[in-house]
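Pasted below: upload.pdb, PDB, C-alpha atoms and all ligand atoms.
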```pdb
MODEL        1
ATOM      1  CA  MET L   1       1.804   1.123 -22.348  1.00  0.00           C
ATOM      2  CA  ALA L   2       5.119  -0.109 -20.946  1.00  0.00           C
ATOM      3  CA  LEU L   3       4.739  -2.122 -17.763  1.00  0.00           C
ATOM      4  CA  ARG L   4       6.120  -0.344 -14.703  1.00  0.00           C
ATOM      5  CA  ARG L   5       8.356  -2.459 -12.469  1.00  0.00           C
ATOM      6  CA  VAL L   6       6.962  -2.861  -8.968  1.00  0.00           C
ATOM      7  CA  ALA L   7       8.469  -4.425  -5.838  1.00  0.00           C
ATOM      8  CA  VAL L   8       6.185  -5.439  -2.964  1.00  0.00           C
ATOM      9  CA  LEU L   9       7.348  -5.572   0.661  1.00  0.00           C
ATOM     10  CA  ILE L  10       5.469  -7.892   3.008  1.00  0.00           C
ATOM     11  CA  SER L  11       5.631  -9.335   6.521  1.00  0.00           C
ATOM     12  CA  GLY L  12       2.548 -11.554   6.642  1.00  0.00           C
ATOM     13  CA  SER L  13      -0.078 -13.506   4.773  1.00  0.00           C
ATOM     14  CA  GLY L  14       0.074 -11.279   1.713  1.00  0.00           C
ATOM     15  CA  THR L  15      -3.590 -11.032   0.740  1.00  0.00           C
ATOM     16  CA  ASN L  16      -2.954  -7.492  -0.511  1.00  0.00           C
ATOM     17  CA  LEU L  17       0.034  -8.804  -2.425  1.00  0.00           C
ATOM     18  CA  GLN L  18      -2.328 -11.359  -3.986  1.00  0.00           C
ATOM     19  CA  ALA L  19      -4.709  -8.588  -5.047  1.00  0.00           C
ATOM     20  CA  LEU L  20      -1.791  -6.757  -6.682  1.00  0.00           C
ATOM     21  CA  ILE L  21      -0.592  -9.970  -8.373  1.00  0.00           C
ATOM     22  CA  ASP L  22      -4.092 -10.638  -9.749  1.00  0.00           C
ATOM     23  CA  ALA L  23      -4.551  -7.060 -10.979  1.00  0.00           C
ATOM     24  CA  THR L  24      -1.181  -6.933 -12.733  1.00  0.00           C
ATOM     25  CA  ARG L  25      -1.317 -10.471 -14.155  1.00  0.00           C
ATOM     26  CA  SER L  26      -4.743  -9.875 -15.670  1.00  0.00           C
ATOM     27  CA  GLY L  27      -3.472  -6.711 -17.361  1.00  0.00           C
ATOM     28  CA  ARG L  28      -5.932  -4.474 -15.480  1.00  0.00           C
ATOM     29  CA  VAL L  29      -3.020  -2.555 -13.984  1.00  0.00           C
ATOM     30  CA  PRO L  30      -0.121  -1.910 -16.395  1.00  0.00           C
ATOM     31  CA  ALA L  31       2.643  -3.022 -14.056  1.00  0.00           C
ATOM     32  CA  ARG L  32       4.761  -6.071 -13.379  1.00  0.00           C
ATOM     33  CA  ILE L  33       5.708  -7.270  -9.922  1.00  0.00           C
ATOM     34  CA  VAL L  34       9.405  -7.982 -10.274  1.00  0.00           C
ATOM     35  CA  ARG L  35      10.298  -8.843  -6.677  1.00  0.00           C
ATOM     36  CA  VAL L  36       8.607  -9.651  -3.382  1.00  0.00           C
ATOM     37  CA  VAL L  37      10.671  -8.987  -0.278  1.00  0.00           C
ATOM     38  CA  SER L  38       9.780 -10.088   3.239  1.00  0.00           C
ATOM     39  CA  ASP L  39      11.424  -9.255   6.550  1.00  0.00           C
ATOM     40  CA  ARG L  40      10.085 -12.567   7.922  1.00  0.00           C
ATOM     41  CA  PRO L  41      10.971 -15.976   6.457  1.00  0.00           C
ATOM     42  CA  THR L  42       7.572 -17.380   7.562  1.00  0.00           C
ATOM     43  CA  ALA L  43       5.466 -14.783   5.714  1.00  0.00           C
ATOM     44  CA  GLY L  44       2.675 -16.564   3.843  1.00  0.00           C
ATOM     45  CA  GLY L  45       2.955 -14.057   1.011  1.00  0.00           C
ATOM     46  CA  LEU L  46       6.285 -15.593  -0.036  1.00  0.00           C
ATOM     47  CA  ALA L  47       4.466 -18.746  -1.176  1.00  0.00           C
ATOM     48  CA  ARG L  48       1.908 -16.671  -3.087  1.00  0.00           C
ATOM     49  CA  ALA L  49       4.749 -14.976  -4.979  1.00  0.00           C
ATOM     50  CA  ALA L  50       6.617 -18.219  -5.589  1.00  0.00           C
ATOM     51  CA  ARG L  51       3.433 -19.874  -6.957  1.00  0.00           C
ATOM     52  CA  THR L  52       3.254 -17.140  -9.567  1.00  0.00           C
ATOM     53  CA  GLY L  53       6.953 -17.322 -10.409  1.00  0.00           C
ATOM     54  CA  ILE L  54       7.813 -13.941  -8.904  1.00  0.00           C
ATOM     55  CA  PRO L  55      11.342 -13.866  -7.434  1.00  0.00           C
ATOM     56  CA  THR L  56      11.365 -13.479  -3.655  1.00  0.00           C
ATOM     57  CA  ALA L  57      13.896 -12.430  -1.060  1.00  0.00           C
ATOM     58  CA  VAL L  58      13.970 -12.498   2.727  1.00  0.00           C
ATOM     59  CA  ILE L  59      15.945  -9.887   4.577  1.00  0.00           C
ATOM     60  CA  ARG L  60      15.888 -10.044   8.373  1.00  0.00           C
ATOM     61  CA  PRO L  61      16.656  -6.925  10.410  1.00  0.00           C
ATOM     62  CA  HIS L  62      18.415  -8.857  13.157  1.00  0.00           C
ATOM     63  CA  ASP L  63      21.012 -10.096  10.673  1.00  0.00           C
ATOM     64  CA  PHE L  64      22.296  -6.506  10.478  1.00  0.00           C
ATOM     65  CA  GLU L  65      24.120  -4.484  13.083  1.00  0.00           C
ATOM     66  CA  SER L  66      21.894  -1.432  12.721  1.00  0.00           C
ATOM     67  CA  ARG L  67      18.621  -0.313  11.227  1.00  0.00           C
ATOM     68  CA  GLY L  68      20.589   1.817   8.781  1.00  0.00           C
ATOM     69  CA  ALA L  69      22.572  -1.199   7.537  1.00  0.00           C
ATOM     70  CA  PHE L  70      19.339  -3.225   7.159  1.00  0.00           C
ATOM     71  CA  GLU L  71      17.678  -0.486   5.156  1.00  0.00           C
ATOM     72  CA  GLU L  72      20.735   0.015   2.938  1.00  0.00           C
ATOM     73  CA  ALA L  73      20.667  -3.695   2.100  1.00  0.00           C
ATOM     74  CA  LEU L  74      16.912  -3.581   1.490  1.00  0.00           C
ATOM     75  CA  ASP L  75      17.351  -0.573  -0.761  1.00  0.00           C
ATOM     76  CA  ARG L  76      20.076  -2.395  -2.708  1.00  0.00           C
ATOM     77  CA  LEU L  77      17.757  -5.381  -3.217  1.00  0.00           C
ATOM     78  CA  LEU L  78      15.054  -3.121  -4.639  1.00  0.00           C
ATOM     79  CA  ARG L  79      17.449  -1.319  -6.957  1.00  0.00           C
ATOM     80  CA  GLU L  80      19.047  -4.593  -8.127  1.00  0.00           C
ATOM     81  CA  ALA L  81      15.530  -5.706  -9.082  1.00  0.00           C
ATOM     82  CA  GLU L  82      15.253  -2.423 -11.034  1.00  0.00           C
ATOM     83  CA  ALA L  83      12.053  -1.606  -9.197  1.00  0.00           C
ATOM     84  CA  GLU L  84      10.531   1.733 -10.114  1.00  0.00           C
ATOM     85  CA  ILE L  85       7.746   1.637  -7.536  1.00  0.00           C
ATOM     86  CA  VAL L  86       7.594   0.018  -4.096  1.00  0.00           C
ATOM     87  CA  CYS L  87       4.339  -1.121  -2.477  1.00  0.00           C
ATOM     88  CA  LEU L  88       4.304  -1.817   1.253  1.00  0.00           C
ATOM     89  CA  ALA L  89       1.619  -4.459   1.709  1.00  0.00           C
ATOM     90  CA  GLY L  90       1.409  -5.447   5.351  1.00  0.00           C
ATOM     91  CA  PHE L  91       5.100  -4.652   5.814  1.00  0.00           C
ATOM     92  CA  MET L  92       5.218  -4.179   9.572  1.00  0.00           C
ATOM     93  CA  ARG L  93       8.352  -2.074   9.892  1.00  0.00           C
ATOM     94  CA  VAL L  94       8.829   1.649  10.038  1.00  0.00           C
ATOM     95  CA  LEU L  95      11.339   2.767   7.431  1.00  0.00           C
ATOM     96  CA  GLY L  96      13.818   5.543   8.174  1.00  0.00           C
ATOM     97  CA  ARG L  97      13.938   8.937   6.564  1.00  0.00           C
ATOM     98  CA  ALA L  98      16.846   8.180   4.175  1.00  0.00           C
ATOM     99  CA  MET L  99      15.090   5.151   2.701  1.00  0.00           C
ATOM    100  CA  VAL L 100      11.706   6.865   2.447  1.00  0.00           C
ATOM    101  CA  GLU L 101      13.109  10.001   0.869  1.00  0.00           C
ATOM    102  CA  GLY L 102      15.036   7.929  -1.667  1.00  0.00           C
ATOM    103  CA  TRP L 103      11.676   6.582  -2.888  1.00  0.00           C
ATOM    104  CA  ALA L 104       9.653   9.769  -2.497  1.00  0.00           C
ATOM    105  CA  GLY L 105       6.599   9.731  -4.745  1.00  0.00           C
ATOM    106  CA  ARG L 106       7.272   6.105  -5.683  1.00  0.00           C
ATOM    107  CA  MET L 107       6.508   4.253  -2.438  1.00  0.00           C
ATOM    108  CA  LEU L 108       2.944   3.383  -1.379  1.00  0.00           C
ATOM    109  CA  ASN L 109       1.539   1.904   1.818  1.00  0.00           C
ATOM    110  CA  ILE L 110      -1.846   0.498   2.786  1.00  0.00           C
ATOM    111  CA  HIS L 111      -3.248   1.013   6.250  1.00  0.00           C
ATOM    112  CA  PRO L 112      -6.476  -0.507   7.654  1.00  0.00           C
ATOM    113  CA  SER L 113      -8.146   2.721   8.786  1.00  0.00           C
ATOM    114  CA  LEU L 114      -9.334   6.010   7.386  1.00  0.00           C
ATOM    115  CA  LEU L 115      -6.156   7.964   8.026  1.00  0.00           C
ATOM    116  CA  PRO L 116      -5.409  10.315   9.694  1.00  0.00           C
ATOM    117  CA  ALA L 117      -7.697   8.479  12.157  1.00  0.00           C
ATOM    118  CA  PHE L 118      -6.246   5.417  13.900  1.00  0.00           C
ATOM    119  CA  PRO L 119      -2.629   5.234  12.764  1.00  0.00           C
ATOM    120  CA  GLY L 120      -0.456   2.518  14.343  1.00  0.00           C
ATOM    121  CA  LEU L 121      -1.382  -0.967  15.506  1.00  0.00           C
ATOM    122  CA  GLU L 122      -4.530  -2.733  16.824  1.00  0.00           C
ATOM    123  CA  VAL L 123      -6.594  -0.490  14.617  1.00  0.00           C
ATOM    124  CA  HIS L 124      -9.844  -2.486  14.575  1.00  0.00           C
ATOM    125  CA  GLU L 125      -9.858  -2.913  18.360  1.00  0.00           C
ATOM    126  CA  ARG L 126      -9.489   0.851  18.787  1.00  0.00           C
ATOM    127  CA  VAL L 127     -12.149   1.619  16.169  1.00  0.00           C
ATOM    128  CA  LEU L 128     -14.629  -0.558  18.079  1.00  0.00           C
ATOM    129  CA  GLU L 129     -13.646   0.892  21.456  1.00  0.00           C
ATOM    130  CA  ALA L 130     -14.194   4.388  20.094  1.00  0.00           C
ATOM    131  CA  GLY L 131     -17.672   3.425  18.859  1.00  0.00           C
ATOM    132  CA  MET L 132     -16.967   4.571  15.302  1.00  0.00           C
ATOM    133  CA  PRO L 133     -19.880   4.152  12.873  1.00  0.00           C
ATOM    134  CA  VAL L 134     -17.528   3.773   9.893  1.00  0.00           C
ATOM    135  CA  THR L 135     -13.950   2.784   9.256  1.00  0.00           C
ATOM    136  CA  GLY L 136     -12.028   1.756   6.155  1.00  0.00           C
ATOM    137  CA  CYS L 137      -8.619   1.705   4.576  1.00  0.00           C
ATOM    138  CA  THR L 138      -6.156   4.147   3.092  1.00  0.00           C
ATOM    139  CA  VAL L 139      -3.524   3.861   0.380  1.00  0.00           C
ATOM    140  CA  HIS L 140      -1.044   6.699   0.708  1.00  0.00           C
ATOM    141  CA  PHE L 141       2.393   7.817  -0.397  1.00  0.00           C
ATOM    142  CA  VAL L 142       4.970   6.986   2.245  1.00  0.00           C
ATOM    143  CA  THR L 143       6.647   9.900   3.984  1.00  0.00           C
ATOM    144  CA  ALA L 144       9.004   9.984   6.970  1.00  0.00           C
ATOM    145  CA  GLU L 145       6.025  10.372   9.305  1.00  0.00           C
ATOM    146  CA  VAL L 146       4.443   6.993  10.142  1.00  0.00           C
ATOM    147  CA  ASP L 147       1.003   6.250   8.624  1.00  0.00           C
ATOM    148  CA  ALA L 148       0.856   9.685   7.080  1.00  0.00           C
ATOM    149  CA  GLY L 149       1.521  11.059   3.612  1.00  0.00           C
ATOM    150  CA  PRO L 150      -0.675  12.175   0.723  1.00  0.00           C
ATOM    151  CA  VAL L 151      -3.697   9.899   0.238  1.00  0.00           C
ATOM    152  CA  LEU L 152      -4.413   8.225  -3.108  1.00  0.00           C
ATOM    153  CA  VAL L 153      -7.426   6.077  -2.321  1.00  0.00           C
ATOM    154  CA  GLN L 154      -9.652   5.464   0.666  1.00  0.00           C
ATOM    155  CA  GLY L 155     -12.358   2.847   1.009  1.00  0.00           C
ATOM    156  CA  VAL L 156     -15.154   3.102   3.553  1.00  0.00           C
ATOM    157  CA  VAL L 157     -16.566   0.182   5.557  1.00  0.00           C
ATOM    158  CA  PRO L 158     -19.521   0.492   7.957  1.00  0.00           C
ATOM    159  CA  VAL L 159     -19.056  -0.767  11.502  1.00  0.00           C
ATOM    160  CA  LEU L 160     -21.886  -3.170  12.394  1.00  0.00           C
ATOM    161  CA  PRO L 161     -23.405  -3.600  15.885  1.00  0.00           C
ATOM    162  CA  ASP L 162     -22.165  -7.184  16.326  1.00  0.00           C
ATOM    163  CA  ASP L 163     -18.678  -6.565  14.953  1.00  0.00           C
ATOM    164  CA  THR L 164     -15.617  -8.086  16.565  1.00  0.00           C
ATOM    165  CA  PRO L 165     -12.097  -6.964  15.611  1.00  0.00           C
ATOM    166  CA  GLU L 166     -11.790 -10.113  13.471  1.00  0.00           C
ATOM    167  CA  ARG L 167     -15.047  -9.540  11.575  1.00  0.00           C
ATOM    168  CA  LEU L 168     -14.185  -5.930  10.979  1.00  0.00           C
ATOM    169  CA  ARG L 169     -10.654  -6.842   9.875  1.00  0.00           C
ATOM    170  CA  ALA L 170     -12.080  -9.269   7.316  1.00  0.00           C
ATOM    171  CA  ARG L 171     -14.500  -6.714   5.836  1.00  0.00           C
ATOM    172  CA  VAL L 172     -11.857  -3.982   5.730  1.00  0.00           C
ATOM    173  CA  LEU L 173      -9.460  -6.398   4.011  1.00  0.00           C
ATOM    174  CA  GLU L 174     -11.977  -6.982   1.217  1.00  0.00           C
ATOM    175  CA  VAL L 175     -12.017  -3.262   0.529  1.00  0.00           C
ATOM    176  CA  GLU L 176      -8.231  -3.080   0.796  1.00  0.00           C
ATOM    177  CA  HIS L 177      -8.038  -5.596  -2.037  1.00  0.00           C
ATOM    178  CA  ARG L 178      -9.948  -3.186  -4.289  1.00  0.00           C
ATOM    179  CA  ALA L 179      -8.259  -0.025  -3.073  1.00  0.00           C
ATOM    180  CA  TYR L 180      -4.625  -1.078  -3.528  1.00  0.00           C
ATOM    181  CA  PRO L 181      -4.824  -2.094  -7.205  1.00  0.00           C
ATOM    182  CA  ARG L 182      -6.765   1.073  -7.894  1.00  0.00           C
ATOM    183  CA  ALA L 183      -4.116   3.236  -6.227  1.00  0.00           C
ATOM    184  CA  LEU L 184      -1.293   1.470  -8.045  1.00  0.00           C
ATOM    185  CA  ASP L 185      -3.151   1.922 -11.310  1.00  0.00           C
ATOM    186  CA  LEU L 186      -3.417   5.678 -10.750  1.00  0.00           C
ATOM    187  CA  LEU L 187       0.296   5.875  -9.993  1.00  0.00           C
ATOM    188  CA  VAL L 188       1.576   3.779 -12.895  1.00  0.00           C
ATOM    189  CA  ARG L 189      -0.634   5.612 -15.377  1.00  0.00           C
ATOM    190  CA  GLY L 190       0.788   8.906 -14.129  1.00  0.00           C
ATOM    191  CA  ARG L 191      -2.651  10.133 -13.102  1.00  0.00           C
ATOM    192  CA  ALA L 192      -1.866  10.829  -9.447  1.00  0.00           C
ATOM    193  CA  VAL L 193       0.000  14.031  -8.766  1.00  0.00           C
ATOM    194  CA  VAL L 194       1.019  15.232  -5.309  1.00  0.00           C
ATOM    195  CA  GLU L 195       0.112  18.847  -4.730  1.00  0.00           C
ATOM    196  CA  GLY L 196       1.146  19.939  -1.250  1.00  0.00           C
ATOM    197  CA  GLU L 197      -0.376  17.585   1.280  1.00  0.00           C
ATOM    198  CA  ARG L 198      -2.875  15.948  -1.036  1.00  0.00           C
ATOM    199  CA  VAL L 199      -3.077  13.917  -4.195  1.00  0.00           C
ATOM    200  CA  VAL L 200      -4.851  15.263  -7.218  1.00  0.00           C
ATOM    201  CA  VAL L 201      -5.979  12.672  -9.717  1.00  0.00           C
ATOM    202  CA  ARG L 202      -5.990  13.676 -13.337  1.00  0.00           C
ATOM    203  CA  ASP L 203      -8.629  12.180 -15.547  1.00  0.00           C
ATOM    204  CA  GLU L 204      -7.904  11.091 -19.103  1.00  0.00           C
ATOM    205  CA  ARG L 205      -9.880  14.054 -20.359  1.00  0.00           C
ATOM    206  CA  PRO L 206      -7.477  16.982 -20.636  1.00  0.00           C
ATOM    207  CA  GLY L 207      -8.129  19.890 -18.335  1.00  0.00           C
ATOM    208  CA  GLU L 208     -10.282  17.935 -15.897  1.00  0.00           C
ATOM    209  CA  ARG L 209      -9.339  16.632 -12.515  1.00  0.00           C
ATOM    210  CA  LEU L 210     -10.845  14.441  -9.920  1.00  0.00           C
ATOM    211  CA  LEU L 211     -10.189  14.080  -6.283  1.00  0.00           C
ATOM    212  CA  LEU L 212     -10.488  10.457  -5.393  1.00  0.00           C
ATOM    213  CA  HIS L 213     -12.776   9.797  -2.507  1.00  0.00           C
ATOM    214  CA  PRO L 214     -13.845   6.483  -0.867  1.00  0.00           C
ATOM    215  CA  LEU L 215     -13.492   4.363  -3.997  1.00  0.00           C
ATOM    216  CA  LEU L 216     -15.737   6.807  -5.792  1.00  0.00           C
ATOM    217  CA  ALA L 217     -14.593   9.621  -8.001  1.00  0.00           C
ATOM    218  CA  ARG L 218     -15.805  12.989  -6.857  1.00  0.00           C
ATOM    219  CA  TRP L 219     -15.435  15.655  -9.509  1.00  0.00           C
ATOM    220  CA  THR L 220     -13.856  18.832  -8.277  1.00  0.00           C
ATOM    221  CA  GLY L 221     -13.715  20.910 -11.374  1.00  0.00           C
ATOM    222  CA  PRO L 222     -12.983  22.853 -13.383  1.00  0.00           C
TER     223      PRO L 222
HETATM  224  C1  LIG W 301      -3.495  -5.275   6.064  1.00  0.00           C
HETATM  225  O1  LIG W 301      -4.702  -5.131   6.756  1.00  0.00           O
HETATM  226  C2  LIG W 301      -2.764  -3.949   6.002  1.00  0.00           C
HETATM  227  O2  LIG W 301      -3.622  -2.855   5.863  1.00  0.00           O
HETATM  228  C3  LIG W 301      -2.068  -3.930   7.350  1.00  0.00           C
HETATM  229  O3  LIG W 301      -1.611  -5.256   7.523  1.00  0.00           O
HETATM  230  C4  LIG W 301      -2.514  -6.151   6.864  1.00  0.00           C
HETATM  231  C5  LIG W 301      -1.718  -7.059   5.973  1.00  0.00           C
HETATM  232  O4  LIG W 301      -2.530  -8.093   5.463  1.00  0.00           O
HETATM  233  N1  LIG W 301      -1.013  -2.978   7.381  1.00  0.00           N
HETATM  234  C6  LIG W 301      -0.721  -2.213   8.425  1.00  0.00           C
HETATM  235  O5  LIG W 301      -1.325  -2.286   9.474  1.00  0.00           O
HETATM  236  C7  LIG W 301       0.419  -1.235   8.216  1.00  0.00           C
HETATM  237  N2  LIG W 301       0.358  -0.166   9.164  1.00  0.00           N
HETATM  238  P1  LIG W 301      -2.027  -8.965   4.235  1.00  0.00           P
HETATM  239  O6  LIG W 301      -0.618  -9.498   4.587  1.00  0.00           O
HETATM  240  O7  LIG W 301      -3.021 -10.077   4.145  1.00  0.00           O
HETATM  241  O8  LIG W 301      -2.000  -8.099   3.020  1.00  0.00           O
ENDMDL
END
```
Starting from the file, give its structure as structure tokens.
Amino acid sequence: MALRRVAVLISGSGTNLQALIDATRSGRVPARIVRVVSDRPTAGGLARAARTGIPTAVIRPHDFESRGAFEEALDRLLREAEAEIVCLAGFMRVLGRAMVEGWAGRMLNIHPSLLPAFPGLEVHERVLEAGMPVTGCTVHFVTAEVDAGPVLVQGVVPVLPDDTPERLRARVLEVEHRAYPRALDLLVRGRAVVEGERVVVRDERPGERLLLHPLLARWTGP
């Protein structure tokens, strides 16, 4: 099948970007990462992209007079790259409604909790403070509401008695690296369909559907 053109937005070390690079390069996910864009020139993910020969760009919000102007320029970059799908992978900015709606159904984000629990920042600290027995990660379609939007894939991670935020972050990241390629795969193969507030995943077998649940497929009928 034709490779779908994907742009990845990052702000940091880019380990999720690396998982997406590995999954697309190996042919497991029928997509090609055509551009990596960072809002921070120091983002480690830029080197990961460059090592693989993926074109990169840095676009810094404070070089623009308003958030709107920044997002228009970012949007132009993505369209110039002829991206069809945008993956936010540790991109630590909230995008405005105009930008998000322009990519509706084609923009994904990964968040290190089981949304709708623990949106926002310092997730692992708050999970530990709350005494949660499990946590995880979520890949979802981006909507104008922050850390919300129909969920494609979630991965569950147990919280252990001697966990620190750093230990938990590391174990959640491992699951993120499996969840994001899987979610992108569902999207590029046209198997994920938004119905109302949730995503329904169509199986290859005609007439059957599955609702994706913590990295496991749970059959829902018919
Ligand atoms: C990941 O844990 C991702 O879930 C989180 O930032 C980290 C980026 O790591 N994203 C958010 O918190 C967005 N709300 P990475 O740069 O190594 O992929």
Please evaluate the PyMOL selection byres (((not hetatm)) within 10 of (chain W and resi 301)) against the displayed coordinates and give the resulting residues as a PDB file with C-alpha atoms, in the coordinates of the input.
```pdb
ATOM      1  CA  LEU L   9       7.348  -5.572   0.661  1.00  0.00           C
ATOM      2  CA  ILE L  10       5.469  -7.892   3.008  1.00  0.00           C
ATOM      3  CA  SER L  11       5.631  -9.335   6.521  1.00  0.00           C
ATOM      4  CA  GLY L  12       2.548 -11.554   6.642  1.00  0.00           C
ATOM      5  CA  SER L  13      -0.078 -13.506   4.773  1.00  0.00           C
ATOM      6  CA  GLY L  14       0.074 -11.279   1.713  1.00  0.00           C
ATOM      7  CA  THR L  15      -3.590 -11.032   0.740  1.00  0.00           C
ATOM      8  CA  ASN L  16      -2.954  -7.492  -0.511  1.00  0.00           C
ATOM      9  CA  LEU L  17       0.034  -8.804  -2.425  1.00  0.00           C
ATOM     10  CA  GLN L  18      -2.328 -11.359  -3.986  1.00  0.00           C
ATOM     11  CA  ALA L  19      -4.709  -8.588  -5.047  1.00  0.00           C
ATOM     12  CA  LEU L  20      -1.791  -6.757  -6.682  1.00  0.00           C
ATOM     13  CA  ALA L  43       5.466 -14.783   5.714  1.00  0.00           C
ATOM     14  CA  GLY L  44       2.675 -16.564   3.843  1.00  0.00           C
ATOM     15  CA  GLY L  45       2.955 -14.057   1.011  1.00  0.00           C
ATOM     16  CA  LEU L  88       4.304  -1.817   1.253  1.00  0.00           C
ATOM     17  CA  ALA L  89       1.619  -4.459   1.709  1.00  0.00           C
ATOM     18  CA  GLY L  90       1.409  -5.447   5.351  1.00  0.00           C
ATOM     19  CA  PHE L  91       5.100  -4.652   5.814  1.00  0.00           C
ATOM     20  CA  MET L  92       5.218  -4.179   9.572  1.00  0.00           C
ATOM     21  CA  ARG L  93       8.352  -2.074   9.892  1.00  0.00           C
ATOM     22  CA  VAL L  94       8.829   1.649  10.038  1.00  0.00           C
ATOM     23  CA  ASN L 109       1.539   1.904   1.818  1.00  0.00           C
ATOM     24  CA  ILE L 110      -1.846   0.498   2.786  1.00  0.00           C
ATOM     25  CA  HIS L 111      -3.248   1.013   6.250  1.00  0.00           C
ATOM     26  CA  PRO L 112      -6.476  -0.507   7.654  1.00  0.00           C
ATOM     27  CA  SER L 113      -8.146   2.721   8.786  1.00  0.00           C
ATOM     28  CA  PHE L 118      -6.246   5.417  13.900  1.00  0.00           C
ATOM     29  CA  PRO L 119      -2.629   5.234  12.764  1.00  0.00           C
ATOM     30  CA  GLY L 120      -0.456   2.518  14.343  1.00  0.00           C
ATOM     31  CA  LEU L 121      -1.382  -0.967  15.506  1.00  0.00           C
ATOM     32  CA  GLU L 122      -4.530  -2.733  16.824  1.00  0.00           C
ATOM     33  CA  VAL L 123      -6.594  -0.490  14.617  1.00  0.00           C
ATOM     34  CA  HIS L 124      -9.844  -2.486  14.575  1.00  0.00           C
ATOM     35  CA  GLY L 136     -12.028   1.756   6.155  1.00  0.00           C
ATOM     36  CA  CYS L 137      -8.619   1.705   4.576  1.00  0.00           C
ATOM     37  CA  THR L 138      -6.156   4.147   3.092  1.00  0.00           C
ATOM     38  CA  VAL L 139      -3.524   3.861   0.380  1.00  0.00           C
ATOM     39  CA  VAL L 146       4.443   6.993  10.142  1.00  0.00           C
ATOM     40  CA  ASP L 147       1.003   6.250   8.624  1.00  0.00           C
ATOM     41  CA  ARG L 169     -10.654  -6.842   9.875  1.00  0.00           C
ATOM     42  CA  ALA L 170     -12.080  -9.269   7.316  1.00  0.00           C
ATOM     43  CA  ARG L 171     -14.500  -6.714   5.836  1.00  0.00           C
ATOM     44  CA  VAL L 172     -11.857  -3.982   5.730  1.00  0.00           C
ATOM     45  CA  LEU L 173      -9.460  -6.398   4.011  1.00  0.00           C
ATOM     46  CA  GLU L 174     -11.977  -6.982   1.217  1.00  0.00           C
ATOM     47  CA  VAL L 175     -12.017  -3.262   0.529  1.00  0.00           C
ATOM     48  CA  GLU L 176      -8.231  -3.080   0.796  1.00  0.00           C
ATOM     49  CA  HIS L 177      -8.038  -5.596  -2.037  1.00  0.00           C
ATOM     50  CA  TYR L 180      -4.625  -1.078  -3.528  1.00  0.00           C
TER      51      TYR L 180
END
```
Rank L:Val36, L:Ala148, L:Leu128, L:Ala47 by their smallest atom-to-atom distance to Pro165 of chain L, using all atoms listed in the file, and report the top residue only.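 Once distances to Pro165 of chain L are computed over all atoms listed in the file, the minimum belongs to L:Leu128.
Near Glu82 of chain L, within 12 Å and counting all atoms listed in the file, sit Arg4, Arg5, Val6, Ala7, Arg32, Ile33, Val34, Arg35, Asp75 and Arg76 of chain L; same-chain residues fewer than 6 positions away were not included.
Interatomic distance, atom CA of Pro41 of chain L to atom CA of Phe64 of chain L: 15.3 Å.
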Segment 93-181 of chain L residues near segment 66-69 of chain L within 12 Å, closest pair each, using all atoms listed in the file, as a tab-separated table:
```
residue	atom	partner	partner_atom	distance
L:Arg93	CA	L:Arg67	CA	10.5
L:Val94	CA	L:Arg67	CA	10.1
L:Leu95	CA	L:Arg67	CA	8.8
L:Gly96	CA	L:Gly68	CA	7.8
L:Arg97	CA	L:Gly68	CA	10.0
L:Ala98	CA	L:Gly68	CA	8.7
L:Met99	CA	L:Gly68	CA	8.8
```
Looking at L:Thr42, L:Arg126, L:Arg191, L:Leu114, which one is nearest to Val156 of chain L, with distances taken over all atoms listed in the file?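 Of all the options, L:Leu114 lies closest to Val156 of chain L.
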Shell around Val100 of chain L at 10 Å using only C-alpha atoms, local window under 4 positions removed, as a list in words: Glu71, Asp75, Val94, Leu95, Gly96, Ala104, Gly105, Arg106, Met107, Phe141, Val142, Thr143, Ala144 and Glu145 of chain L
Point-to-point distance from atom CA of Ile21 of chain L to atom CA of Glu80 of chain L, Å rounded to tenths: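 If I compute the distance from atom CA of Ile21 of chain L to atom CA of Glu80 of chain L, I get 20.4 Å.
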Tell me, in Å to one decimal, how far atom CA of Leu184 of chain L is from atom CA of Glu197 of chain L. 18.6 Å
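Taking only C-alpha atoms into account, Val159 of chain L lies nearest to L:Met132 out of the set L:His140, L:Gly53, L:Met132, L:Gly27.
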For Thr56 of chain L, work out the shell of residues within 8 Å, counting all atoms listed in the file and skipping chain neighbours fewer than 5 positions away, then give it as a PyMOL selection string. chain L and resi 35-38+46+49-50
The selected residues should be written to file as a PDB file, in the frame of the given file (atoms: C-alpha atoms).
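Resulting contents of again.pdb:
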```pdb
ATOM      1  CA  ARG L  35      10.298  -8.843  -6.677  1.00  0.00           C
ATOM      2  CA  VAL L  36       8.607  -9.651  -3.382  1.00  0.00           C
ATOM      3  CA  VAL L  37      10.671  -8.987  -0.278  1.00  0.00           C
ATOM      4  CA  SER L  38       9.780 -10.088   3.239  1.00  0.00           C
ATOM      5  CA  LEU L  46       6.285 -15.593  -0.036  1.00  0.00           C
ATOM      6  CA  ALA L  49       4.749 -14.976  -4.979  1.00  0.00           C
ATOM      7  CA  ALA L  50       6.617 -18.219  -5.589  1.00  0.00           C
TER       8      ALA L  50
END
```
